[in-house]
Amino acid sequence: MKKCIMLFLFASTISFSQTITSKIEPVSIDQYEFIKKVNQFYPDIPLTKQITNFYTDGKLIDSKQEFDLKGTDFISYNLGIGPYNKRMVFDYTTKTDGKSHGEISLFKGDVYKTIYYDDKNQFEVFLNGKSVFLKKY
């Protein structure tokens, strides 16, 4: 019985496995327009010309912005863009704010940003570039 269960689990794993590939590519027009709209309100999200796109079985599932940190306030920088160009998640460290992470989303034409400042022990929500909520811990 144990052998049958193990065989079933092994066969299930093989049949559902997917191949994920990544490619550094020029930013698509849709991706650029999304980043441009976000950058208009949040200049800490820079415009870039290249992006790493992740595909599973040929379908775009996620993207990571490629960004050169030289000459910027960033110490570390990671930004992921969802496949429909409506949401991005970020995690970065700057000299002024320290460690920060959060997400930016488009909703009915507005750009919302939720950011957690780890080093400052505070949480902030922005709407179209203006702070609408701040909580310190």
# chains A, B, ... in the order shown; residues from 1 in each chain; ligands from 1
>>> select_by_dssp(residues="chain A", states="helix (DSSP H, G or I)", output="PyMOL selection string")
chain A and resi 2-16+29-41
>>> residues_around(residues="A:Arg87", least_positions_apart="5", cutoff="7 Å", atoms="only C-alpha atoms", output="list of chain:residue names")
A:Ile81, A:Gly82, A:Ile104, A:Ser105, A:Leu106
>>> residues_around(residues="stretch 38-45 of chain A", least_positions_apart="2", cutoff="12 Å", atoms="only C-alpha atoms", output="PyMOL selection string")
chain A and resi 31-36+47-48+65-67+72-74+77-81+85-94+96-97+100+103-107+109-115+126-131
>>> select_by_dssp(residues="stretch 17-105 of chain A", states="strand (DSSP E or B)", output="ChimeraX atom specification")
/A:20-26,50-56,59-65,74-81,87-94,98-105
>>> atom_distance(atom1="atom CA of A:Gly58", atom2="atom CA of A:Ile29")
19.0 Å
>>> residues_around(residues="A:Gln18", least_positions_apart="6", cutoff="10 Å", atoms="only C-alpha atoms", output="PyMOL selection string")
chain A and resi 55-57
>>> write_last_selection(atoms="all heavy atoms", output="PDB file, in the first residue's frame")
ATOM      1  N   TYR A  55       8.725  33.293 -17.120  1.00  0.00           N
ATOM      2  CA  TYR A  55       7.691  32.589 -17.886  1.00  0.00           C
ATOM      3  C   TYR A  55       7.555  31.163 -17.377  1.00  0.00           C
ATOM      4  O   TYR A  55       8.538  30.545 -16.965  1.00  0.00           O
ATOM      5  CB  TYR A  55       8.074  32.524 -19.368  1.00  0.00           C
ATOM      6  CG  TYR A  55       8.221  33.870 -20.030  1.00  0.00           C
ATOM      7  CD1 TYR A  55       9.444  34.529 -20.073  1.00  0.00           C
ATOM      8  CD2 TYR A  55       7.129  34.473 -20.644  1.00  0.00           C
ATOM      9  CE1 TYR A  55       9.580  35.762 -20.695  1.00  0.00           C
ATOM     10  CE2 TYR A  55       7.261  35.702 -21.278  1.00  0.00           C
ATOM     11  CZ  TYR A  55       8.484  36.338 -21.303  1.00  0.00           C
ATOM     12  OH  TYR A  55       8.617  37.558 -21.923  1.00  0.00           O
ATOM     13  N   THR A  56       6.343  30.661 -17.388  1.00  0.00           N
ATOM     14  CA  THR A  56       6.109  29.246 -17.152  1.00  0.00           C
ATOM     15  C   THR A  56       5.356  28.721 -18.363  1.00  0.00           C
ATOM     16  O   THR A  56       4.317  29.267 -18.743  1.00  0.00           O
ATOM     17  CB  THR A  56       5.349  28.971 -15.843  1.00  0.00           C
ATOM     18  OG1 THR A  56       5.233  27.563 -15.669  1.00  0.00           O
ATOM     19  CG2 THR A  56       3.987  29.575 -15.809  1.00  0.00           C
ATOM     20  N   ASP A  57       5.942  27.734 -18.973  1.00  0.00           N
ATOM     21  CA  ASP A  57       5.382  27.148 -20.191  1.00  0.00           C
ATOM     22  C   ASP A  57       5.026  28.223 -21.209  1.00  0.00           C
ATOM     23  O   ASP A  57       3.972  28.183 -21.844  1.00  0.00           O
ATOM     24  CB  ASP A  57       4.168  26.280 -19.855  1.00  0.00           C
ATOM     25  CG  ASP A  57       4.530  25.132 -18.915  1.00  0.00           C
ATOM     26  OD1 ASP A  57       5.676  24.646 -18.990  1.00  0.00           O
ATOM     27  OD2 ASP A  57       3.676  24.736 -18.106  1.00  0.00           O
TER      28      ASP A  57
END
>>> atom_distance(atom1="atom CA of A:Gly71", atom2="atom CA of A:Ile51")
19.6 Å
